[in-house]
>>> print(open('input-v3.pdb').read())   # PDB, C-alpha atoms
ATOM      1  CA  MET D   1       0.000   0.000   0.000  1.00  0.00           C
ATOM      2  CA  ASN D   2       1.281   3.442  -0.945  1.00  0.00           C
ATOM      3  CA  VAL D   3       0.223   5.384   2.112  1.00  0.00           C
ATOM      4  CA  SER D   4       1.310   8.798   0.815  1.00  0.00           C
ATOM      5  CA  GLY D   5      -0.618   8.269  -2.393  1.00  0.00           C
ATOM      6  CA  ASP D   6      -3.702   7.000  -0.597  1.00  0.00           C
ATOM      7  CA  LEU D   7      -3.650  10.014   1.713  1.00  0.00           C
ATOM      8  CA  SER D   8      -3.791  12.646  -1.025  1.00  0.00           C
ATOM      9  CA  ILE D   9      -6.882  14.830  -0.695  1.00  0.00           C
ATOM     10  CA  LEU D  10      -8.321  13.920  -4.093  1.00  0.00           C
ATOM     11  CA  SER D  11      -7.756  10.213  -3.506  1.00  0.00           C
ATOM     12  CA  LEU D  12      -9.372  10.339  -0.063  1.00  0.00           C
ATOM     13  CA  VAL D  13     -12.422  12.108  -1.449  1.00  0.00           C
ATOM     14  CA  THR D  14     -12.887   9.790  -4.423  1.00  0.00           C
ATOM     15  CA  GLN D  15     -12.332   6.637  -2.332  1.00  0.00           C
ATOM     16  CA  ALA D  16     -14.609   7.685   0.522  1.00  0.00           C
ATOM     17  CA  THR D  17     -17.786   5.773   1.179  1.00  0.00           C
ATOM     18  CA  LEU D  18     -20.955   6.869  -0.597  1.00  0.00           C
ATOM     19  CA  VAL D  19     -22.465   8.333   2.574  1.00  0.00           C
ATOM     20  CA  VAL D  20     -19.348  10.420   3.279  1.00  0.00           C
ATOM     21  CA  GLN D  21     -19.217  11.603  -0.345  1.00  0.00           C
ATOM     22  CA  VAL D  22     -22.860  12.679  -0.205  1.00  0.00           C
ATOM     23  CA  ILE D  23     -22.134  14.624   2.998  1.00  0.00           C
ATOM     24  CA  MET D  24     -19.111  16.285   1.379  1.00  0.00           C
ATOM     25  CA  VAL D  25     -21.173  17.340  -1.631  1.00  0.00           C
ATOM     26  CA  LEU D  26     -23.916  18.673   0.662  1.00  0.00           C
ATOM     27  CA  LEU D  27     -21.382  20.700   2.654  1.00  0.00           C
ATOM     28  CA  LEU D  28     -19.811  22.095  -0.500  1.00  0.00           C
ATOM     29  CA  LEU D  29     -23.249  23.176  -1.715  1.00  0.00           C
ATOM     30  CA  ILE D  30     -23.930  24.838   1.651  1.00  0.00           C
ATOM     31  CA  SER D  31     -20.554  26.572   1.444  1.00  0.00           C
ATOM     32  CA  LEU D  32     -21.266  27.790  -2.102  1.00  0.00           C
ATOM     33  CA  ALA D  33     -24.678  29.117  -1.072  1.00  0.00           C
ATOM     34  CA  SER D  34     -23.128  30.776   1.998  1.00  0.00           C
ATOM     35  CA  TRP D  35     -20.480  32.583  -0.033  1.00  0.00           C
ATOM     36  CA  THR D  36     -23.134  33.708  -2.521  1.00  0.00           C
ATOM     37  CA  SER D  37     -25.215  35.108   0.332  1.00  0.00           C
ATOM     38  CA  ILE D  38     -22.144  36.702   1.931  1.00  0.00           C
ATOM     39  CA  PHE D  39     -21.158  38.607  -1.206  1.00  0.00           C
ATOM     40  CA  SER D  40     -24.697  39.684  -2.129  1.00  0.00           C
ATOM     41  CA  LYS D  41     -25.629  40.702   1.425  1.00  0.00           C
ATOM     42  CA  GLY D  42     -22.339  42.515   1.949  1.00  0.00           C
ATOM     43  CA  LEU D  43     -22.864  44.555  -1.211  1.00  0.00           C
ATOM     44  CA  ALA D  44     -26.481  45.287  -0.264  1.00  0.00           C
ATOM     45  CA  ILE D  45     -25.555  46.528   3.214  1.00  0.00           C
ATOM     46  CA  ARG D  46     -22.745  48.725   1.917  1.00  0.00           C
ATOM     47  CA  ARG D  47     -25.054  50.169  -0.732  1.00  0.00           C
ATOM     48  CA  THR D  48     -27.779  50.853   1.862  1.00  0.00           C
ATOM     49  CA  ARG D  49     -25.302  52.552   4.190  1.00  0.00           C
ATOM     50  CA  ARG D  50     -23.953  54.717   1.374  1.00  0.00           C
ATOM     51  CA  GLU D  51     -27.447  55.664   0.179  1.00  0.00           C
ATOM     52  CA  THR D  52     -28.584  56.409   3.740  1.00  0.00           C
ATOM     53  CA  GLU D  53     -25.679  58.795   4.256  1.00  0.00           C
ATOM     54  CA  ALA D  54     -26.447  60.531   0.958  1.00  0.00           C
ATOM     55  CA  PHE D  55     -30.137  60.994   1.811  1.00  0.00           C
ATOM     56  CA  GLU D  56     -29.314  62.251   5.302  1.00  0.00           C
ATOM     57  CA  ARG D  57     -27.006  64.882   3.833  1.00  0.00           C
ATOM     58  CA  ARG D  58     -29.736  65.933   1.408  1.00  0.00           C
ATOM     59  CA  PHE D  59     -32.391  65.977   4.141  1.00  0.00           C
ATOM     60  CA  TRP D  60     -30.376  67.995   6.633  1.00  0.00           C
ATOM     61  CA  SER D  61     -29.034  70.419   4.020  1.00  0.00           C
ATOM     62  CA  GLY D  62     -32.176  72.492   4.438  1.00  0.00           C
ATOM     63  CA  SER D  63     -34.140  71.100   1.498  1.00  0.00           C
ATOM     64  CA  ASP D  64     -37.883  71.776   1.531  1.00  0.00           C
ATOM     65  CA  LEU D  65     -39.883  68.807   2.794  1.00  0.00           C
ATOM     66  CA  ASN D  66     -42.401  69.098  -0.025  1.00  0.00           C
ATOM     67  CA  ASN D  67     -39.636  69.063  -2.616  1.00  0.00           C
ATOM     68  CA  LEU D  68     -38.086  65.991  -1.010  1.00  0.00           C
ATOM     69  CA  TYR D  69     -41.473  64.290  -1.007  1.00  0.00           C
ATOM     70  CA  GLN D  70     -42.113  65.155  -4.653  1.00  0.00           C
ATOM     71  CA  THR D  71     -38.729  63.710  -5.566  1.00  0.00           C
ATOM     72  CA  ALA D  72     -39.411  60.547  -3.575  1.00  0.00           C
ATOM     73  CA  THR D  73     -42.770  60.009  -5.271  1.00  0.00           C
ATOM     74  CA  ASN D  74     -41.384  60.650  -8.747  1.00  0.00           C
ATOM     75  CA  SER D  75     -41.690  57.405 -10.707  1.00  0.00           C
ATOM     76  CA  HIS D  76     -38.408  58.143 -12.509  1.00  0.00           C
ATOM     77  CA  HIS D  77     -36.519  58.501  -9.251  1.00  0.00           C
ATOM     78  CA  LYS D  78     -35.043  55.410  -7.600  1.00  0.00           C
ATOM     79  CA  THR D  79     -35.785  55.689  -3.897  1.00  0.00           C
ATOM     80  CA  VAL D  80     -33.520  54.328  -1.157  1.00  0.00           C
ATOM     81  CA  ALA D  81     -34.367  52.747   2.184  1.00  0.00           C
ATOM     82  CA  LEU D  82     -34.392  55.848   4.396  1.00  0.00           C
ATOM     83  CA  GLU D  83     -36.095  57.853   1.662  1.00  0.00           C
ATOM     84  CA  ARG D  84     -38.911  55.307   1.506  1.00  0.00           C
ATOM     85  CA  ILE D  85     -39.401  55.656   5.264  1.00  0.00           C
ATOM     86  CA  PHE D  86     -39.552  59.437   4.844  1.00  0.00           C
ATOM     87  CA  GLU D  87     -41.985  59.075   1.958  1.00  0.00           C
ATOM     88  CA  ALA D  88     -44.302  56.860   4.017  1.00  0.00           C
ATOM     89  CA  GLY D  89     -44.386  59.298   6.933  1.00  0.00           C
ATOM     90  CA  MET D  90     -44.673  62.470   4.884  1.00  0.00           C
ATOM     91  CA  GLY D  91     -47.322  60.970   2.611  1.00  0.00           C
ATOM     92  CA  GLU D  92     -49.487  59.882   5.535  1.00  0.00           C
ATOM     93  CA  PHE D  93     -49.058  63.253   7.218  1.00  0.00           C
ATOM     94  CA  LEU D  94     -50.151  65.150   4.102  1.00  0.00           C
ATOM     95  CA  LYS D  95     -53.034  62.768   3.438  1.00  0.00           C
ATOM     96  CA  LEU D  96     -54.443  63.064   6.955  1.00  0.00           C
ATOM     97  CA  ARG D  97     -54.033  66.827   7.020  1.00  0.00           C
ATOM     98  CA  GLY D  98     -55.726  67.184   3.631  1.00  0.00           C
ATOM     99  CA  SER D  99     -58.670  64.956   4.533  1.00  0.00           C
ATOM    100  CA  ARG D 100     -59.430  66.809   7.789  1.00  0.00           C
ATOM    101  CA  GLY D 101     -59.260  70.336   6.456  1.00  0.00           C
ATOM    102  CA  THR D 102     -59.001  72.980   9.143  1.00  0.00           C
ATOM    103  CA  ASP D 103     -60.165  70.624  11.887  1.00  0.00           C
ATOM    104  CA  VAL D 104     -56.735  69.178  12.519  1.00  0.00           C
ATOM    105  CA  ASP D 105     -55.714  67.168  15.563  1.00  0.00           C
ATOM    106  CA  ARG D 106     -51.928  67.544  15.415  1.00  0.00           C
ATOM    107  CA  GLN D 107     -51.357  64.594  17.708  1.00  0.00           C
ATOM    108  CA  ALA D 108     -53.422  62.353  15.444  1.00  0.00           C
ATOM    109  CA  LEU D 109     -51.451  63.577  12.416  1.00  0.00           C
ATOM    110  CA  LEU D 110     -48.168  62.858  14.151  1.00  0.00           C
ATOM    111  CA  GLU D 111     -49.250  59.405  15.322  1.00  0.00           C
ATOM    112  CA  GLY D 112     -50.455  58.507  11.835  1.00  0.00           C
ATOM    113  CA  ALA D 113     -47.146  59.583  10.294  1.00  0.00           C
ATOM    114  CA  GLN D 114     -45.208  57.625  12.926  1.00  0.00           C
ATOM    115  CA  ARG D 115     -47.234  54.476  12.272  1.00  0.00           C
ATOM    116  CA  ALA D 116     -46.592  54.797   8.545  1.00  0.00           C
ATOM    117  CA  MET D 117     -42.868  55.284   9.136  1.00  0.00           C
ATOM    118  CA  ARG D 118     -42.748  52.303  11.492  1.00  0.00           C
ATOM    119  CA  ALA D 119     -44.413  50.140   8.847  1.00  0.00           C
ATOM    120  CA  GLY D 120     -41.905  51.360   6.254  1.00  0.00           C
ATOM    121  CA  TYR D 121     -39.074  50.783   8.727  1.00  0.00           C
ATOM    122  CA  GLN D 122     -40.187  47.195   9.267  1.00  0.00           C
ATOM    123  CA  ARG D 123     -40.328  46.523   5.532  1.00  0.00           C
ATOM    124  CA  GLU D 124     -36.799  47.841   5.093  1.00  0.00           C
ATOM    125  CA  MET D 125     -35.509  45.777   8.009  1.00  0.00           C
ATOM    126  CA  ASP D 126     -37.140  42.645   6.609  1.00  0.00           C
ATOM    127  CA  GLY D 127     -35.263  43.220   3.359  1.00  0.00           C
ATOM    128  CA  LEU D 128     -31.951  43.864   5.099  1.00  0.00           C
ATOM    129  CA  GLU D 129     -32.280  40.801   7.325  1.00  0.00           C
ATOM    130  CA  SER D 130     -33.131  38.404   4.486  1.00  0.00           C
ATOM    131  CA  ARG D 131     -30.648  35.513   4.155  1.00  0.00           C
ATOM    132  CA  LEU D 132     -29.248  36.131   7.625  1.00  0.00           C
ATOM    133  CA  ALA D 133     -31.230  33.158   8.919  1.00  0.00           C
ATOM    134  CA  PHE D 134     -29.589  30.950   6.280  1.00  0.00           C
ATOM    135  CA  LEU D 135     -26.103  32.086   7.313  1.00  0.00           C
ATOM    136  CA  ALA D 136     -26.928  31.405  10.953  1.00  0.00           C
ATOM    137  CA  SER D 137     -28.229  27.934  10.086  1.00  0.00           C
ATOM    138  CA  ALA D 138     -25.227  27.161   7.884  1.00  0.00           C
ATOM    139  CA  GLY D 139     -22.834  28.258  10.615  1.00  0.00           C
ATOM    140  CA  SER D 140     -24.498  26.173  13.311  1.00  0.00           C
ATOM    141  CA  VAL D 141     -25.443  23.033  11.356  1.00  0.00           C
ATOM    142  CA  SER D 142     -22.449  22.501   9.037  1.00  0.00           C
ATOM    143  CA  PRO D 143     -20.027  21.285  11.755  1.00  0.00           C
ATOM    144  CA  TYR D 144     -22.546  18.679  12.894  1.00  0.00           C
ATOM    145  CA  ILE D 145     -23.133  17.480   9.346  1.00  0.00           C
ATOM    146  CA  GLY D 146     -19.359  17.150   8.927  1.00  0.00           C
ATOM    147  CA  LEU D 147     -19.093  15.371  12.279  1.00  0.00           C
ATOM    148  CA  PHE D 148     -21.745  12.884  11.178  1.00  0.00           C
ATOM    149  CA  GLY D 149     -19.667  12.145   8.085  1.00  0.00           C
ATOM    150  CA  THR D 150     -16.566  11.702  10.256  1.00  0.00           C
ATOM    151  CA  VAL D 151     -18.306   9.303  12.632  1.00  0.00           C
ATOM    152  CA  TRP D 152     -19.692   7.305   9.724  1.00  0.00           C
ATOM    153  CA  GLY D 153     -16.296   7.129   8.027  1.00  0.00           C
ATOM    154  CA  ILE D 154     -14.512   6.018  11.194  1.00  0.00           C
ATOM    155  CA  MET D 155     -17.145   3.354  11.809  1.00  0.00           C
ATOM    156  CA  HIS D 156     -16.631   2.114   8.242  1.00  0.00           C
ATOM    157  CA  ALA D 157     -12.836   2.124   8.666  1.00  0.00           C
ATOM    158  CA  PHE D 158     -12.923   0.057  11.852  1.00  0.00           C
ATOM    159  CA  THR D 159     -15.496  -2.302  10.356  1.00  0.00           C
ATOM    160  CA  ASN D 160     -13.054  -3.055   7.522  1.00  0.00           C
ATOM    161  CA  LEU D 161     -10.386  -3.945  10.072  1.00  0.00           C
ATOM    162  CA  SER D 162     -12.349  -7.038  11.019  1.00  0.00           C
ATOM    163  CA  SER D 163     -11.417  -8.615   7.682  1.00  0.00           C
ATOM    164  CA  LEU D 164      -7.685  -8.083   8.237  1.00  0.00           C
ATOM    165  CA  GLN D 165      -5.523 -10.569  10.096  1.00  0.00           C
ATOM    166  CA  GLN D 166      -3.140  -7.854  11.256  1.00  0.00           C
ATOM    167  CA  ALA D 167      -4.238  -4.254  11.710  1.00  0.00           C
ATOM    168  CA  THR D 168      -1.588  -1.592  11.148  1.00  0.00           C
ATOM    169  CA  LEU D 169      -1.586   2.190  11.072  1.00  0.00           C
ATOM    170  CA  ALA D 170      -1.139   2.091   7.301  1.00  0.00           C
ATOM    171  CA  SER D 171      -4.307   0.051   6.905  1.00  0.00           C
ATOM    172  CA  VAL D 172      -6.513   2.227   9.091  1.00  0.00           C
ATOM    173  CA  ALA D 173      -5.068   5.668   8.304  1.00  0.00           C
ATOM    174  CA  PRO D 174      -6.770   6.215   4.903  1.00  0.00           C
ATOM    175  CA  GLY D 175     -10.216   5.433   6.301  1.00  0.00           C
ATOM    176  CA  ILE D 176      -9.785   7.756   9.260  1.00  0.00           C
ATOM    177  CA  ALA D 177      -8.271  10.483   7.087  1.00  0.00           C
ATOM    178  CA  GLU D 178     -11.162  10.411   4.619  1.00  0.00           C
ATOM    179  CA  ALA D 179     -13.565  10.622   7.540  1.00  0.00           C
ATOM    180  CA  LEU D 180     -11.810  13.665   9.001  1.00  0.00           C
ATOM    181  CA  ILE D 181     -12.084  15.491   5.675  1.00  0.00           C
ATOM    182  CA  ALA D 182     -15.841  15.707   6.238  1.00  0.00           C
ATOM    183  CA  THR D 183     -15.263  17.609   9.485  1.00  0.00           C
ATOM    184  CA  ALA D 184     -12.762  19.893   7.754  1.00  0.00           C
ATOM    185  CA  ILE D 185     -15.261  20.713   5.002  1.00  0.00           C
ATOM    186  CA  GLY D 186     -17.939  21.296   7.628  1.00  0.00           C
ATOM    187  CA  LEU D 187     -15.715  23.835   9.386  1.00  0.00           C
ATOM    188  CA  PHE D 188     -14.841  25.413   6.037  1.00  0.00           C
ATOM    189  CA  ALA D 189     -18.551  25.963   5.433  1.00  0.00           C
ATOM    190  CA  ALA D 190     -19.373  27.071   8.986  1.00  0.00           C
ATOM    191  CA  ILE D 191     -16.622  29.542   9.902  1.00  0.00           C
ATOM    192  CA  PRO D 192     -17.202  32.109   7.099  1.00  0.00           C
ATOM    193  CA  ALA D 193     -20.965  31.895   7.643  1.00  0.00           C
ATOM    194  CA  VAL D 194     -20.638  32.612  11.382  1.00  0.00           C
ATOM    195  CA  VAL D 195     -18.182  35.475  10.864  1.00  0.00           C
ATOM    196  CA  ALA D 196     -20.345  37.021   8.143  1.00  0.00           C
ATOM    197  CA  TYR D 197     -23.530  36.626  10.190  1.00  0.00           C
ATOM    198  CA  ASN D 198     -22.031  38.414  13.187  1.00  0.00           C
ATOM    199  CA  ARG D 199     -20.650  41.193  11.011  1.00  0.00           C
ATOM    200  CA  PHE D 200     -23.870  41.694   9.065  1.00  0.00           C
ATOM    201  CA  ALA D 201     -26.000  41.609  12.217  1.00  0.00           C
ATOM    202  CA  HIS D 202     -23.819  44.370  13.683  1.00  0.00           C
ATOM    203  CA  ASP D 203     -24.032  46.477  10.508  1.00  0.00           C
ATOM    204  CA  ILE D 204     -27.813  46.024  10.273  1.00  0.00           C
ATOM    205  CA  ASP D 205     -28.231  47.020  13.931  1.00  0.00           C
ATOM    206  CA  ARG D 206     -26.338  50.233  13.218  1.00  0.00           C
ATOM    207  CA  LEU D 207     -28.544  50.952  10.214  1.00  0.00           C
ATOM    208  CA  ALA D 208     -31.642  50.217  12.312  1.00  0.00           C
ATOM    209  CA  ASN D 209     -30.462  52.728  14.907  1.00  0.00           C
ATOM    210  CA  ARG D 210     -29.983  55.351  12.200  1.00  0.00           C
ATOM    211  CA  PHE D 211     -33.459  54.657  10.804  1.00  0.00           C
ATOM    212  CA  GLU D 212     -35.054  54.903  14.263  1.00  0.00           C
ATOM    213  CA  THR D 213     -33.150  58.100  15.043  1.00  0.00           C
ATOM    214  CA  PHE D 214     -34.361  59.601  11.764  1.00  0.00           C
ATOM    215  CA  ILE D 215     -37.961  58.639  12.565  1.00  0.00           C
ATOM    216  CA  GLU D 216     -37.737  60.409  15.923  1.00  0.00           C
ATOM    217  CA  GLU D 217     -36.081  63.512  14.484  1.00  0.00           C
ATOM    218  CA  PHE D 218     -38.490  63.694  11.549  1.00  0.00           C
ATOM    219  CA  SER D 219     -41.421  63.306  13.949  1.00  0.00           C
ATOM    220  CA  ASN D 220     -40.148  66.333  15.863  1.00  0.00           C
ATOM    221  CA  ILE D 221     -39.994  68.289  12.609  1.00  0.00           C
ATOM    222  CA  LEU D 222     -43.542  67.274  11.666  1.00  0.00           C
ATOM    223  CA  GLN D 223     -44.744  68.389  15.075  1.00  0.00           C
ATOM    224  CA  ARG D 224     -43.609  71.930  14.209  1.00  0.00           C
ATOM    225  CA  VAL D 225     -45.062  71.964  10.690  1.00  0.00           C
ATOM    226  CA  ARG D 226     -47.912  74.442  10.274  1.00  0.00           C
TER     227      ARG D 226
END
>>> encode(input="input-v3.pdb", output="structure tokens")
Amino acid sequence: MNVSGDLSILSLVTQATLVVQVIMVLLLLISLASWTSIFSKGLAIRRTRRETEAFERRFWSGSDLNNLYQTATNSHHKTVALERIFEAGMGEFLKLRGSRGTDVDRQALLEGAQRAMRAGYQREMDGLESRLAFLASAGSVSPYIGLFGTVWGIMHAFTNLSSLQQATLASVAPGIAEALIATAIGLFAAIPAVVAYNRFAHDIDRLANRFETFIEEFSNILQRVR
């Protein structure tokens, strides 16, 4: 037996048992899906943060609220997350004030605008948090899937020893090595998913704080609108 040849990564993968090979393929698919989610979610969060900063600069530059609202409702204008929250609140405020004429309960107007902004806020957060659950699941489940493949491979390796008259390290090493590859692939799939999940959750929390702060500040502005 050529132990060095049998212990090459490609040889161990191709000679593994069917169950271990299926587990390896499953883990590779999970890893591929995780990396796809990581890149797409990372780009989406960076884009949202950049667009939020741009809208905040435009909002606090002294622009007229009606002009900002007209821009947001323009069908040719691509709105961003914070702008959609502003549009929801401003639109509800104007609609309630227009429907009640001169008999205006300012507290009711403010509460209606806040409810609309909260609904818009929740929609934006749902979009930002999409795929995070998959990354969390991939990070927590992948090591156990790999461990199952390792246990199965080791069981198979020791079962084969029963047919040998003399068991040596060279005879058992390939079976154990191929089993351990499943754990390695499981960790390869899990570690990036866990790191990305923690990073994205932190970034989304910061964006959520900015959205909530804007809602409070905009509510104060609406309270002073005549």
>>> atom_distance(input="input-v3.pdb", atom1="atom CA of D:Ser37", atom2="atom CA of D:Tyr197")
10.1 Å
>>> closest_residue(input="input-v3.pdb", among="D:Met155, D:Ala196, D:Leu65, D:Ala182", to="D:Phe93", atoms="only C-alpha atoms")
D:Leu65
>>> residues_near_point(input="input-v3.pdb", point="(-47.4, 58.9, 4.8)", cutoff="12 Å", atoms="all atoms listed in the file", output="ChimeraX atom specification")
/D:69,72-73,83-98,109-120,219,222
>>> closest_residue(input="input-v3.pdb", among="D:Ser34, D:Ser63, D:Ser75, D:Thr159", to="D:Ala133", atoms="all atoms listed in the file")
D:Ser34
>>> residues_around(input="input-v3.pdb", residues="D:Ala179", least_positions_apart="4", cutoff="10 Å", atoms="only C-alpha atoms", output="VMD selection string")
chain D and resid 12 to 13 16 to 17 20 to 21 146 to 157 173 to 175 183 to 184
>>> residues_near_point(input="input-v3.pdb", point="(-30.7, 60.8, 0.2)", cutoff="10 Å", atoms="all atoms listed in the file", output="list in words")
Arg50, Glu51, Thr52, Glu53, Ala54, Phe55, Glu56, Arg57, Arg58, Phe59, Trp60, Leu68, Ala72, Thr79, Val80, Ala81, Leu82, Glu83 and Arg84 of chain D
>>> atom_distance(input="input-v3.pdb", atom1="atom CA of D:Met125", atom2="atom CA of D:His76")
24.1 Å
>>> atom_distance(input="input-v3.pdb", atom1="atom CA of D:Tyr144", atom2="atom CA of D:Met24")
12.3 Å
>>> closest_residue(input="input-v3.pdb", among="D:Lys78, D:Gly62, D:Phe188, D:Glu124", to="D:Phe211", atoms="all atoms listed in the file")
D:Glu124
>>> closest_residue(input="input-v3.pdb", among="D:Asp105, D:Asp203, D:Asp64, D:Glu212", to="D:Tyr121", atoms="all atoms listed in the file")
D:Glu212
>>> closest_residue(input="input-v3.pdb", among="D:Leu180, D:Ile30, D:Ala201, D:Ala208", to="D:Gly139", atoms="only C-alpha atoms")
D:Ile30
>>> closest_residue(input="input-v3.pdb", among="D:Phe200, D:Phe218, D:Trp35, D:Phe158", to="D:Arg49", atoms="all atoms listed in the file")
D:Phe200
>>> axis_aligned_box(input="input-v3.pdb", around="stretch 111-125 of chain D", padding_each_side="4 Å", output="JSON")
{"center_x": -43.0, "center_y": 52.7, "center_z": 10.2, "size_x": 22.9, "size_y": 21.8, "size_z": 18.2}
>>> resolve_selection(input="input-v3.pdb", expression="the PyMOL selection byres ((chain D and resi 27) around 10)", output="MDAnalysis selection string")
chainID D and resid 21:26 28:33 138 141:143 145:146 182:183 185:190
>>> decode(input="input-v3.pdb", residues="stretch 175-182 of chain D", atoms="all heavy atoms", output="PDB file, in the first residue's frame")
ATOM      1  N   GLY D 175      -8.801   5.353   5.922  1.00  0.00           N
ATOM      2  CA  GLY D 175     -10.216   5.433   6.301  1.00  0.00           C
ATOM      3  C   GLY D 175     -10.488   6.547   7.286  1.00  0.00           C
ATOM      4  O   GLY D 175     -11.487   7.267   7.176  1.00  0.00           O
ATOM      5  N   ILE D 176      -9.604   6.691   8.270  1.00  0.00           N
ATOM      6  CA  ILE D 176      -9.785   7.756   9.260  1.00  0.00           C
ATOM      7  C   ILE D 176      -9.561   9.124   8.621  1.00  0.00           C
ATOM      8  O   ILE D 176     -10.283  10.085   8.895  1.00  0.00           O
ATOM      9  CB  ILE D 176      -8.834   7.545  10.454  1.00  0.00           C
ATOM     10  CG1 ILE D 176      -9.208   6.249  11.191  1.00  0.00           C
ATOM     11  CG2 ILE D 176      -8.870   8.734  11.399  1.00  0.00           C
ATOM     12  CD1 ILE D 176      -8.305   5.921  12.355  1.00  0.00           C
ATOM     13  N   ALA D 177      -8.570   9.208   7.741  1.00  0.00           N
ATOM     14  CA  ALA D 177      -8.271  10.483   7.087  1.00  0.00           C
ATOM     15  C   ALA D 177      -9.437  10.943   6.224  1.00  0.00           C
ATOM     16  O   ALA D 177      -9.810  12.121   6.242  1.00  0.00           O
ATOM     17  CB  ALA D 177      -7.007  10.355   6.245  1.00  0.00           C
ATOM     18  N   GLU D 178     -10.027  10.022   5.459  1.00  0.00           N
ATOM     19  CA  GLU D 178     -11.162  10.411   4.619  1.00  0.00           C
ATOM     20  C   GLU D 178     -12.346  10.835   5.461  1.00  0.00           C
ATOM     21  O   GLU D 178     -13.129  11.713   5.068  1.00  0.00           O
ATOM     22  CB  GLU D 178     -11.547   9.272   3.687  1.00  0.00           C
ATOM     23  CG  GLU D 178     -12.301   8.147   4.364  1.00  0.00           C
ATOM     24  CD  GLU D 178     -12.666   7.017   3.420  1.00  0.00           C
ATOM     25  OE1 GLU D 178     -11.914   6.765   2.460  1.00  0.00           O
ATOM     26  OE2 GLU D 178     -13.705   6.383   3.654  1.00  0.00           O
ATOM     27  N   ALA D 179     -12.472  10.241   6.654  1.00  0.00           N
ATOM     28  CA  ALA D 179     -13.565  10.622   7.540  1.00  0.00           C
ATOM     29  C   ALA D 179     -13.354  12.029   8.094  1.00  0.00           C
ATOM     30  O   ALA D 179     -14.294  12.819   8.209  1.00  0.00           O
ATOM     31  CB  ALA D 179     -13.690   9.618   8.682  1.00  0.00           C
ATOM     32  N   LEU D 180     -12.106  12.358   8.429  1.00  0.00           N
ATOM     33  CA  LEU D 180     -11.810  13.665   9.001  1.00  0.00           C
ATOM     34  C   LEU D 180     -11.987  14.798   7.978  1.00  0.00           C
ATOM     35  O   LEU D 180     -12.213  15.954   8.359  1.00  0.00           O
ATOM     36  CB  LEU D 180     -10.391  13.690   9.567  1.00  0.00           C
ATOM     37  CG  LEU D 180     -10.167  12.800  10.791  1.00  0.00           C
ATOM     38  CD1 LEU D 180      -8.692  12.812  11.188  1.00  0.00           C
ATOM     39  CD2 LEU D 180     -11.031  13.267  11.961  1.00  0.00           C
ATOM     40  N   ILE D 181     -11.875  14.462   6.698  1.00  0.00           N
ATOM     41  CA  ILE D 181     -12.084  15.491   5.675  1.00  0.00           C
ATOM     42  C   ILE D 181     -13.498  16.057   5.770  1.00  0.00           C
ATOM     43  O   ILE D 181     -13.722  17.258   5.549  1.00  0.00           O
ATOM     44  CB  ILE D 181     -11.819  14.911   4.274  1.00  0.00           C
ATOM     45  CG1 ILE D 181     -10.317  14.678   4.086  1.00  0.00           C
ATOM     46  CG2 ILE D 181     -12.331  15.857   3.189  1.00  0.00           C
ATOM     47  CD1 ILE D 181      -9.953  14.105   2.750  1.00  0.00           C
ATOM     48  N   ALA D 182     -14.462  15.238   6.116  1.00  0.00           N
ATOM     49  CA  ALA D 182     -15.841  15.707   6.238  1.00  0.00           C
ATOM     50  C   ALA D 182     -15.947  16.786   7.317  1.00  0.00           C
ATOM     51  O   ALA D 182     -16.635  17.802   7.135  1.00  0.00           O
ATOM     52  CB  ALA D 182     -16.775  14.547   6.560  1.00  0.00           C
TER      53      ALA D 182
END
